[in-house]
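Trainee: Sharing coords-v3.pdb below, PDB, C-alpha atoms:
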```pdb
ATOM      1  CA  PRO A   1     -29.028   5.020 -13.587  1.00  0.00           C
ATOM      2  CA  GLU A   2     -28.847   8.739 -12.822  1.00  0.00           C
ATOM      3  CA  LEU A   3     -25.505   8.479 -11.030  1.00  0.00           C
ATOM      4  CA  ALA A   4     -23.954   6.834 -14.098  1.00  0.00           C
ATOM      5  CA  LEU A   5     -24.611   9.997 -16.135  1.00  0.00           C
ATOM      6  CA  GLY A   6     -21.404  11.359 -14.652  1.00  0.00           C
ATOM      7  CA  LEU A   7     -19.478   8.897 -16.800  1.00  0.00           C
ATOM      8  CA  ASP A   8     -20.517  10.918 -19.866  1.00  0.00           C
ATOM      9  CA  ASP A   9     -19.391  14.224 -18.385  1.00  0.00           C
ATOM     10  CA  LYS A  10     -16.595  16.075 -20.197  1.00  0.00           C
ATOM     11  CA  SER A  11     -14.753  16.600 -16.921  1.00  0.00           C
ATOM     12  CA  GLU A  12     -12.382  13.737 -16.132  1.00  0.00           C
ATOM     13  CA  ASP A  13     -12.552  14.702 -12.452  1.00  0.00           C
ATOM     14  CA  ILE A  14     -16.322  14.170 -12.448  1.00  0.00           C
ATOM     15  CA  GLN A  15     -15.892  10.890 -14.338  1.00  0.00           C
ATOM     16  CA  LYS A  16     -13.379   9.726 -11.736  1.00  0.00           C
ATOM     17  CA  LEU A  17     -15.632  10.739  -8.840  1.00  0.00           C
ATOM     18  CA  THR A  18     -18.555   8.960 -10.511  1.00  0.00           C
ATOM     19  CA  LEU A  19     -16.501   5.771 -10.877  1.00  0.00           C
ATOM     20  CA  GLN A  20     -15.583   5.857  -7.207  1.00  0.00           C
ATOM     21  CA  LYS A  21     -19.209   6.322  -6.147  1.00  0.00           C
ATOM     22  CA  LEU A  22     -20.486   3.645  -8.510  1.00  0.00           C
ATOM     23  CA  GLY A  23     -17.870   1.208  -7.276  1.00  0.00           C
ATOM     24  CA  SER A  24     -19.164   1.610  -3.730  1.00  0.00           C
ATOM     25  CA  SER A  25     -22.796   1.179  -4.698  1.00  0.00           C
ATOM     26  CA  SER A  26     -25.050  -1.657  -5.783  1.00  0.00           C
ATOM     27  CA  MET A  27     -24.819  -0.288  -9.330  1.00  0.00           C
ATOM     28  CA  LYS A  28     -21.331  -1.730  -9.763  1.00  0.00           C
ATOM     29  CA  LYS A  29     -23.056  -4.878 -11.043  1.00  0.00           C
ATOM     30  CA  ASP A  30     -25.334  -2.985 -13.460  1.00  0.00           C
ATOM     31  CA  SER A  31     -24.622  -4.245 -16.994  1.00  0.00           C
ATOM     32  CA  SER A  32     -25.127  -0.833 -18.626  1.00  0.00           C
ATOM     33  CA  VAL A  33     -22.705   0.788 -16.181  1.00  0.00           C
ATOM     34  CA  ILE A  34     -20.126  -1.951 -16.691  1.00  0.00           C
ATOM     35  CA  ALA A  35     -20.401  -1.551 -20.471  1.00  0.00           C
ATOM     36  CA  LYS A  36     -19.673   2.183 -20.191  1.00  0.00           C
ATOM     37  CA  VAL A  37     -16.656   1.573 -17.975  1.00  0.00           C
ATOM     38  CA  GLU A  38     -15.316  -1.033 -20.392  1.00  0.00           C
ATOM     39  CA  VAL A  39     -15.502   1.561 -23.156  1.00  0.00           C
ATOM     40  CA  LEU A  40     -13.646   4.050 -20.943  1.00  0.00           C
ATOM     41  CA  VAL A  41     -10.836   1.607 -20.228  1.00  0.00           C
ATOM     42  CA  ALA A  42     -10.455   0.817 -23.922  1.00  0.00           C
ATOM     43  CA  GLN A  43      -9.760   4.465 -24.815  1.00  0.00           C
ATOM     44  CA  LYS A  44      -6.132   4.922 -25.828  1.00  0.00           C
ATOM     45  CA  SER A  45      -5.863   8.548 -24.751  1.00  0.00           C
ATOM     46  CA  MET A  46      -6.891   8.946 -21.133  1.00  0.00           C
ATOM     47  CA  ASN A  47      -5.763  10.651 -17.952  1.00  0.00           C
ATOM     48  CA  ALA A  48      -3.841   8.103 -15.854  1.00  0.00           C
ATOM     49  CA  LYS A  49      -5.874   8.741 -12.692  1.00  0.00           C
ATOM     50  CA  LEU A  50      -9.111   8.248 -14.615  1.00  0.00           C
ATOM     51  CA  ARG A  51      -7.840   4.999 -16.141  1.00  0.00           C
ATOM     52  CA  ALA A  52      -6.789   3.811 -12.685  1.00  0.00           C
ATOM     53  CA  ALA A  53     -10.268   4.600 -11.345  1.00  0.00           C
ATOM     54  CA  ALA A  54     -11.934   2.791 -14.266  1.00  0.00           C
ATOM     55  CA  ILE A  55      -9.777  -0.305 -13.782  1.00  0.00           C
ATOM     56  CA  GLY A  56     -10.375  -0.093 -10.044  1.00  0.00           C
ATOM     57  CA  PHE A  57     -14.104  -0.227 -10.737  1.00  0.00           C
ATOM     58  CA  LEU A  58     -13.659  -3.409 -12.797  1.00  0.00           C
ATOM     59  CA  VAL A  59     -11.541  -4.924 -10.010  1.00  0.00           C
ATOM     60  CA  LYS A  60     -14.404  -4.511  -7.558  1.00  0.00           C
ATOM     61  CA  ASN A  61     -16.581  -6.678  -9.799  1.00  0.00           C
ATOM     62  CA  GLY A  62     -14.183  -9.580  -9.366  1.00  0.00           C
ATOM     63  CA  ASN A  63     -14.703 -10.876 -12.898  1.00  0.00           C
ATOM     64  CA  SER A  64     -11.805 -12.956 -14.233  1.00  0.00           C
ATOM     65  CA  LYS A  65     -12.539 -11.827 -17.801  1.00  0.00           C
ATOM     66  CA  TYR A  66     -10.660  -8.595 -17.033  1.00  0.00           C
ATOM     67  CA  GLU A  67      -7.394 -10.389 -16.271  1.00  0.00           C
ATOM     68  CA  ALA A  68      -6.067  -9.606 -19.759  1.00  0.00           C
ATOM     69  CA  ILE A  69      -6.673  -5.898 -19.101  1.00  0.00           C
ATOM     70  CA  TYR A  70      -4.774  -6.101 -15.814  1.00  0.00           C
ATOM     71  CA  ASN A  71      -1.844  -7.871 -17.457  1.00  0.00           C
ATOM     72  CA  THR A  72      -1.721  -5.233 -20.188  1.00  0.00           C
ATOM     73  CA  TYR A  73      -1.909  -2.092 -18.084  1.00  0.00           C
ATOM     74  CA  ILE A  74       0.175  -3.321 -15.157  1.00  0.00           C
ATOM     75  CA  LYS A  75       3.123  -2.290 -17.344  1.00  0.00           C
ATOM     76  CA  ASP A  76       1.772   1.274 -17.552  1.00  0.00           C
ATOM     77  CA  SER A  77       4.143   4.083 -16.599  1.00  0.00           C
ATOM     78  CA  SER A  78       1.565   5.359 -14.109  1.00  0.00           C
ATOM     79  CA  PHE A  79       1.990   3.777 -10.686  1.00  0.00           C
ATOM     80  CA  SER A  80      -1.716   4.397  -9.999  1.00  0.00           C
ATOM     81  CA  VAL A  81      -2.768   2.416 -13.061  1.00  0.00           C
ATOM     82  CA  ALA A  82      -0.268  -0.354 -12.334  1.00  0.00           C
ATOM     83  CA  ALA A  83      -1.478  -0.546  -8.715  1.00  0.00           C
ATOM     84  CA  ALA A  84      -5.109  -0.921  -9.798  1.00  0.00           C
ATOM     85  CA  CYS A  85      -4.113  -3.763 -12.119  1.00  0.00           C
ATOM     86  CA  LEU A  86      -1.989  -5.465  -9.478  1.00  0.00           C
ATOM     87  CA  LYS A  87      -4.915  -5.325  -7.049  1.00  0.00           C
ATOM     88  CA  GLY A  88      -7.028  -7.021  -9.710  1.00  0.00           C
ATOM     89  CA  LEU A  89      -4.482  -9.800 -10.206  1.00  0.00           C
ATOM     90  CA  MET A  90      -4.090 -10.296  -6.451  1.00  0.00           C
ATOM     91  CA  ASP A  91      -7.857 -10.576  -6.003  1.00  0.00           C
ATOM     92  CA  LEU A  92      -8.061 -13.169  -8.765  1.00  0.00           C
ATOM     93  CA  HIS A  93      -5.005 -15.095  -7.533  1.00  0.00           C
ATOM     94  CA  PRO A  94      -4.706 -14.536  -3.753  1.00  0.00           C
ATOM     95  CA  GLU A  95      -2.313 -17.467  -3.477  1.00  0.00           C
ATOM     96  CA  LYS A  96       0.177 -15.473  -5.586  1.00  0.00           C
ATOM     97  CA  ASP A  97      -0.146 -12.076  -3.891  1.00  0.00           C
ATOM     98  CA  MET A  98       3.259 -12.262  -2.146  1.00  0.00           C
ATOM     99  CA  GLU A  99       4.961 -13.359  -5.359  1.00  0.00           C
ATOM    100  CA  LEU A 100       3.265 -10.586  -7.324  1.00  0.00           C
ATOM    101  CA  ALA A 101       4.149  -7.963  -4.705  1.00  0.00           C
ATOM    102  CA  LYS A 102       7.820  -8.928  -4.822  1.00  0.00           C
ATOM    103  CA  GLN A 103       7.803  -8.945  -8.619  1.00  0.00           C
ATOM    104  CA  TYR A 104       6.166  -5.563  -9.140  1.00  0.00           C
ATOM    105  CA  GLY A 105       7.530  -3.877  -6.028  1.00  0.00           C
ATOM    106  CA  LYS A 106      10.989  -3.489  -7.555  1.00  0.00           C
ATOM    107  CA  ASN A 107      11.650   0.168  -8.376  1.00  0.00           C
ATOM    108  CA  ALA A 108       7.986   0.947  -7.717  1.00  0.00           C
ATOM    109  CA  GLY A 109       6.671   4.220  -6.367  1.00  0.00           C
ATOM    110  CA  GLY A 110       3.411   5.839  -5.342  1.00  0.00           C
ATOM    111  CA  ALA A 111       0.320   3.670  -5.060  1.00  0.00           C
ATOM    112  CA  LEU A 112       2.102   0.643  -6.542  1.00  0.00           C
ATOM    113  CA  ALA A 113       4.878   0.721  -3.939  1.00  0.00           C
ATOM    114  CA  GLN A 114       2.331   1.160  -1.154  1.00  0.00           C
ATOM    115  CA  LEU A 115       0.268  -1.839  -2.272  1.00  0.00           C
ATOM    116  CA  CYS A 116       3.362  -4.023  -2.662  1.00  0.00           C
ATOM    117  CA  ASN A 117       4.775  -2.999   0.713  1.00  0.00           C
ATOM    118  CA  GLU A 118       1.474  -3.545   2.516  1.00  0.00           C
ATOM    119  CA  THR A 119       1.086  -6.995   0.956  1.00  0.00           C
ATOM    120  CA  ILE A 120       4.644  -8.044   1.763  1.00  0.00           C
ATOM    121  CA  LEU A 121       4.323  -6.814   5.354  1.00  0.00           C
ATOM    122  CA  LYS A 122       1.215  -8.919   5.915  1.00  0.00           C
ATOM    123  CA  LYS A 123       2.704 -12.121   4.540  1.00  0.00           C
ATOM    124  CA  ALA A 124       6.419 -11.724   5.295  1.00  0.00           C
ATOM    125  CA  THR A 125       8.404 -14.141   7.471  1.00  0.00           C
ATOM    126  CA  GLU A 126      11.726 -13.555   9.210  1.00  0.00           C
ATOM    127  CA  GLU A 127      13.476 -14.697   6.036  1.00  0.00           C
ATOM    128  CA  ASP A 128      12.053 -11.623   4.299  1.00  0.00           C
ATOM    129  CA  PHE A 129      13.517  -9.217   6.866  1.00  0.00           C
ATOM    130  CA  ASP A 130      16.045  -7.563   4.548  1.00  0.00           C
ATOM    131  CA  LEU A 131      13.464  -7.012   1.797  1.00  0.00           C
ATOM    132  CA  VAL A 132      10.778  -5.719   4.156  1.00  0.00           C
ATOM    133  CA  THR A 133      13.166  -3.408   5.982  1.00  0.00           C
ATOM    134  CA  GLU A 134      14.744  -2.014   2.816  1.00  0.00           C
ATOM    135  CA  ASN A 135      11.314  -1.368   1.295  1.00  0.00           C
ATOM    136  CA  PHE A 136      10.120   0.492   4.388  1.00  0.00           C
ATOM    137  CA  ASP A 137      13.354   2.422   4.809  1.00  0.00           C
ATOM    138  CA  GLN A 138      13.352   3.607   1.199  1.00  0.00           C
ATOM    139  CA  MET A 139       9.793   4.902   1.273  1.00  0.00           C
ATOM    140  CA  PRO A 140       9.699   8.718   1.080  1.00  0.00           C
ATOM    141  CA  LEU A 141       8.727  10.493   4.276  1.00  0.00           C
ATOM    142  CA  ALA A 142       4.991  10.980   3.825  1.00  0.00           C
ATOM    143  CA  GLN A 143       1.726  10.126   5.551  1.00  0.00           C
ATOM    144  CA  GLU A 144       1.739   6.695   3.885  1.00  0.00           C
ATOM    145  CA  LYS A 145       5.069   5.787   5.496  1.00  0.00           C
ATOM    146  CA  ILE A 146       4.058   7.075   8.916  1.00  0.00           C
ATOM    147  CA  GLY A 147       0.837   5.098   8.642  1.00  0.00           C
ATOM    148  CA  MET A 148       2.703   1.957   7.649  1.00  0.00           C
ATOM    149  CA  ALA A 149       5.167   2.207  10.546  1.00  0.00           C
ATOM    150  CA  GLY A 150       2.678   0.448  12.821  1.00  0.00           C
ATOM    151  CA  ASP A 151       2.425  -2.486  10.413  1.00  0.00           C
ATOM    152  CA  TYR A 152       6.210  -2.647  10.244  1.00  0.00           C
ATOM    153  CA  ALA A 153       6.434  -2.685  14.049  1.00  0.00           C
ATOM    154  CA  ASP A 154       3.901  -5.540  14.089  1.00  0.00           C
ATOM    155  CA  TYR A 155       6.087  -7.393  11.602  1.00  0.00           C
ATOM    156  CA  LEU A 156       9.123  -6.959  13.882  1.00  0.00           C
ATOM    157  CA  ASP A 157       7.162  -8.749  16.595  1.00  0.00           C
ATOM    158  CA  LYS A 158       7.347 -11.885  14.403  1.00  0.00           C
ATOM    159  CA  VAL A 159      11.154 -11.617  14.109  1.00  0.00           C
ATOM    160  CA  LYS A 160      13.083 -13.715  16.629  1.00  0.00           C
ATOM    161  CA  ASP A 161      16.610 -12.422  15.976  1.00  0.00           C
ATOM    162  CA  LEU A 162      16.968  -9.505  18.404  1.00  0.00           C
ATOM    163  CA  ASN A 163      19.724  -7.911  16.334  1.00  0.00           C
ATOM    164  CA  LYS A 164      17.301  -7.710  13.436  1.00  0.00           C
ATOM    165  CA  VAL A 165      14.623  -6.314  15.750  1.00  0.00           C
ATOM    166  CA  LYS A 166      17.047  -3.594  16.848  1.00  0.00           C
ATOM    167  CA  LYS A 167      17.877  -2.798  13.233  1.00  0.00           C
ATOM    168  CA  GLY A 168      14.167  -2.497  12.520  1.00  0.00           C
ATOM    169  CA  ILE A 169      13.687  -0.178  15.489  1.00  0.00           C
ATOM    170  CA  ASP A 170      16.565   1.945  14.178  1.00  0.00           C
ATOM    171  CA  VAL A 171      14.764   2.301  10.851  1.00  0.00           C
ATOM    172  CA  ILE A 172      11.581   3.474  12.599  1.00  0.00           C
ATOM    173  CA  ILE A 173      13.542   5.956  14.731  1.00  0.00           C
ATOM    174  CA  LYS A 174      15.363   7.155  11.609  1.00  0.00           C
ATOM    175  CA  MET A 175      11.982   8.002  10.110  1.00  0.00           C
ATOM    176  CA  ARG A 176      10.875   9.725  13.311  1.00  0.00           C
ATOM    177  CA  ASN A 177      14.051  11.829  13.435  1.00  0.00           C
ATOM    178  CA  LYS A 178      13.391  13.171   9.934  1.00  0.00           C
ATOM    179  CA  ILE A 179      10.091  14.660  11.083  1.00  0.00           C
ATOM    180  CA  PRO A 180      10.454  18.369  12.005  1.00  0.00           C
ATOM    181  CA  SER A 181      10.768  18.858  15.758  1.00  0.00           C
ATOM    182  CA  ALA A 182       7.671  21.071  15.806  1.00  0.00           C
ATOM    183  CA  TYR A 183       5.566  17.980  15.093  1.00  0.00           C
ATOM    184  CA  ARG A 184       7.302  15.643  17.557  1.00  0.00           C
ATOM    185  CA  LYS A 185       4.737  16.307  20.279  1.00  0.00           C
ATOM    186  CA  PHE A 186       2.201  14.621  18.009  1.00  0.00           C
ATOM    187  CA  ILE A 187       4.469  11.931  16.602  1.00  0.00           C
ATOM    188  CA  ASP A 188       6.320  10.763  19.727  1.00  0.00           C
ATOM    189  CA  PRO A 189       3.222   9.539  21.623  1.00  0.00           C
ATOM    190  CA  MET A 190       2.233   7.579  18.514  1.00  0.00           C
ATOM    191  CA  MET A 191       5.731   6.087  18.318  1.00  0.00           C
ATOM    192  CA  GLN A 192       5.618   5.149  21.993  1.00  0.00           C
ATOM    193  CA  ASN A 193       2.270   3.401  21.559  1.00  0.00           C
ATOM    194  CA  MET A 194       3.620   1.630  18.497  1.00  0.00           C
ATOM    195  CA  LEU A 195       6.877   0.404  20.038  1.00  0.00           C
ATOM    196  CA  GLU A 196       5.764  -0.274  23.618  1.00  0.00           C
ATOM    197  CA  PRO A 197       4.058  -3.604  22.766  1.00  0.00           C
ATOM    198  CA  LEU A 198       7.233  -4.671  20.953  1.00  0.00           C
ATOM    199  CA  GLY A 199       9.287  -3.968  24.073  1.00  0.00           C
ATOM    200  CA  LYS A 200       6.906  -5.994  26.219  1.00  0.00           C
ATOM    201  CA  SER A 201       6.879  -8.864  23.747  1.00  0.00           C
ATOM    202  CA  LYS A 202      10.642  -9.058  23.195  1.00  0.00           C
ATOM    203  CA  GLY A 203      11.775  -8.534  26.767  1.00  0.00           C
ATOM    204  CA  GLU A 204      13.869  -6.153  28.821  1.00  0.00           C
ATOM    205  CA  GLU A 205      16.755  -5.842  26.352  1.00  0.00           C
ATOM    206  CA  ILE A 206      14.516  -4.529  23.582  1.00  0.00           C
ATOM    207  CA  LYS A 207      12.452  -2.461  25.992  1.00  0.00           C
ATOM    208  CA  GLN A 208      15.569  -0.619  27.166  1.00  0.00           C
ATOM    209  CA  TYR A 209      16.823  -0.284  23.612  1.00  0.00           C
ATOM    210  CA  ILE A 210      13.590   1.428  22.571  1.00  0.00           C
ATOM    211  CA  GLU A 211      13.692   3.774  25.555  1.00  0.00           C
ATOM    212  CA  LYS A 212      17.281   4.744  24.757  1.00  0.00           C
ATOM    213  CA  ARG A 213      16.602   5.337  21.069  1.00  0.00           C
ATOM    214  CA  MET A 214      13.527   7.441  21.834  1.00  0.00           C
ATOM    215  CA  GLU A 215      15.496   9.861  24.011  1.00  0.00           C
TER     216      GLU A 215
END
```
Could you render the structure from this file as structure tokens?
Mentor:
Amino acid sequence: PELALGLDDKSEDIQKLTLQKLGSSSMKKDSSVIAKVEVLVAQKSMNAKLRAAAIGFLVKNGNSKYEAIYNTYIKDSSFSVAAACLKGLMDLHPEKDMELAKQYGKNAGGALAQLCNETILKKATEEDFDLVTENFDQMPLAQEKIGMAGDYADYLDKVKDLNKVKKGIDVIIKMRNKIPSAYRKFIDPMMQNMLEPLGKSKGEEIKQYIEKRME
């Protein structure tokens, strides 16, 4: 296929872009394309982002024969590579995704931390409150954390202990207070929309607590 020619390009950026496009097309099942990607992954010397993209392509095929590759490269020093492998293992073993997220989320950063945190947030119960809250609190202030704040607020809605809910609200406000004041006019309405349903769900005590903390 013509698009697959980009895999032979000398530019790793073009190879990466080609992998992303192929993975979103019907050609991701093409045997000749898959063979080329398998050769790419097997190369010992490779840019981490390119290896992550190549493994990510294999993940989209959902073939269990790549599990050995995932188990090998999940120990890679690159969080992007490790995240691609973890996604592969989670797709093959969805019943273990929470267990895997807890296992590989320790001391993780970048894409790996984001995947682990997102997975834990979706599956967490009240018993996981300390883990979920610590993970969210320790995330660096970046777009990923701001984007995940809504998921964390949704998680708090599942928590019955109001003291824990308040602690969770404090963590969200702590994040908001670290954002430069010049951007608050954009952030505060988003925070209000995020926390308002929580106040309605948990009752007057939490509603007033949110209003006070947002002052």
Trainee: Just want the 12 Å neighbourhood of Leu5 in chain A, counted on all atoms listed in the file, with same-chain residues fewer than 4 positions away dropped. Output as an mmCIF file with C-alpha atoms, keeping the file's coordinate frame.
Mentor:
```
data_model
loop_
_atom_site.group_PDB
_atom_site.id
_atom_site.type_symbol
_atom_site.label_atom_id
_atom_site.label_comp_id
_atom_site.auth_asym_id
_atom_site.auth_seq_id
_atom_site.Cartn_x
_atom_site.Cartn_y
_atom_site.Cartn_z
ATOM 1 C CA PRO A 1 -29.028 5.020 -13.587
ATOM 2 C CA ASP A 9 -19.391 14.224 -18.385
ATOM 3 C CA LYS A 10 -16.595 16.075 -20.197
ATOM 4 C CA SER A 11 -14.753 16.600 -16.921
ATOM 5 C CA ILE A 14 -16.322 14.170 -12.448
ATOM 6 C CA GLN A 15 -15.892 10.890 -14.338
ATOM 7 C CA LEU A 17 -15.632 10.739 -8.840
ATOM 8 C CA THR A 18 -18.555 8.960 -10.511
ATOM 9 C CA LEU A 19 -16.501 5.771 -10.877
ATOM 10 C CA LYS A 21 -19.209 6.322 -6.147
ATOM 11 C CA LEU A 22 -20.486 3.645 -8.510
ATOM 12 C CA SER A 32 -25.127 -0.833 -18.626
ATOM 13 C CA VAL A 33 -22.705 0.788 -16.181
ATOM 14 C CA LYS A 36 -19.673 2.183 -20.191
ATOM 15 C CA VAL A 37 -16.656 1.573 -17.975
#
```
Trainee: The PyMOL selection byres ((chain A and resi 74) around 8) on the file shown: which residues, as a list in words?
Mentor: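 Output from the PyMOL selection byres ((chain A and resi 74) around 8), applied to this file: Tyr70, Asn71, Thr72, Tyr73, Lys75, Asp76, Val81, Ala82, Ala83, Ala84, Cys85 and Leu86 of chain A.
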Trainee: Hey, can you check how far CA of Gly110 in chain A sits from CA of Pro140 in chain A?
Mentor: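 Taking CA of Gly110 in chain A as the start and CA of Pro140 in chain A as the end point, the length is 9.4 Å.
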Trainee: Nearest to Leu121 in chain A among A:Leu156, A:Met90, A:Glu95, A:Ala108, with distances taken over all atoms listed in the file: which residue is it?
Mentor: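 Checking each of A:Leu156, A:Met90, A:Glu95, A:Ala108 against Leu121 in chain A, counting all atoms listed in the file, the winner is A:Leu156.
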Trainee: Extract, using only C-alpha atoms, all DNA, RNA and protein residues at most 12 Å from range 174-182 of chain A, discarding same-chain residues fewer than 3 positions from it, and format them as a ChimeraX atom specification.
Mentor: /A:136-143,145-149,167-171,185-192,213-215
Trainee: Have a look at A:Phe79, A:Lys164, A:Asp151, A:Glu211 and name the one nearest to Met194 in chain A; count all atoms listed in the file.
Mentor: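 Of all the options, A:Asp151 lies closest to Met194 in chain A.
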Trainee: Under the rule that only C-alpha atoms are counted, which of A:Gly6, A:Gly62, A:Gly109, A:Pro197 is the nearest residue to Lys87 in chain A?
Mentor: A:Gly62
Trainee: List the residues matched by the PyMOL selection byres ((chain A and resi 128) around 12) in the displayed structure as a ChimeraX atom specification, ordered by chain and then by residue number.
Mentor: /A:98,102,117,120-127,129-135,155-156,158-159,164
Trainee: Of the candidates A:Ser25, A:Tyr66, A:Glu12, A:Lys200, which shows the shortest atom-to-atom distance to Glu38 in chain A, using only C-alpha atoms?
Mentor: A:Tyr66
Trainee: Measure the distance from CA of Gly23 in chain A to CA of Ala113 in chain A in Å and round it to one decimal.
Mentor: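 Going from CA of Gly23 in chain A over to CA of Ala113 in chain A covers 23.0 Å.
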Trainee: To verify the selection step, state as a ChimeraX atom specification which residues the PyMOL selection byres ((chain A and resi 201-206) around 9) yields on this input.
Mentor: /A:157,160,162,165-166,196-200,207-211
Trainee: Provide the CA of Ile34 in chain A to CA of Phe57 in chain A distance in Å, to one decimal place.
Mentor: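 Rounded to one decimal, the two atoms are 8.6 Å apart.
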Trainee: Pick from A:Asn47, A:Ile55, A:Tyr183, A:Ala101: nearest to Ala68 in chain A, with only C-alpha atoms counted?
Mentor: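 Comparing A:Asn47, A:Ile55, A:Tyr183, A:Ala101 against Ala68 in chain A, the winner is A:Ile55.
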Trainee: Which of these residues is nearest to Ser24 in chain A, using all atoms listed in the file: A:Lys212, A:Ala48, A:Lys106, A:Asn61?
Mentor: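 Among the listed residues, A:Asn61 lies closest to Ser24 in chain A.
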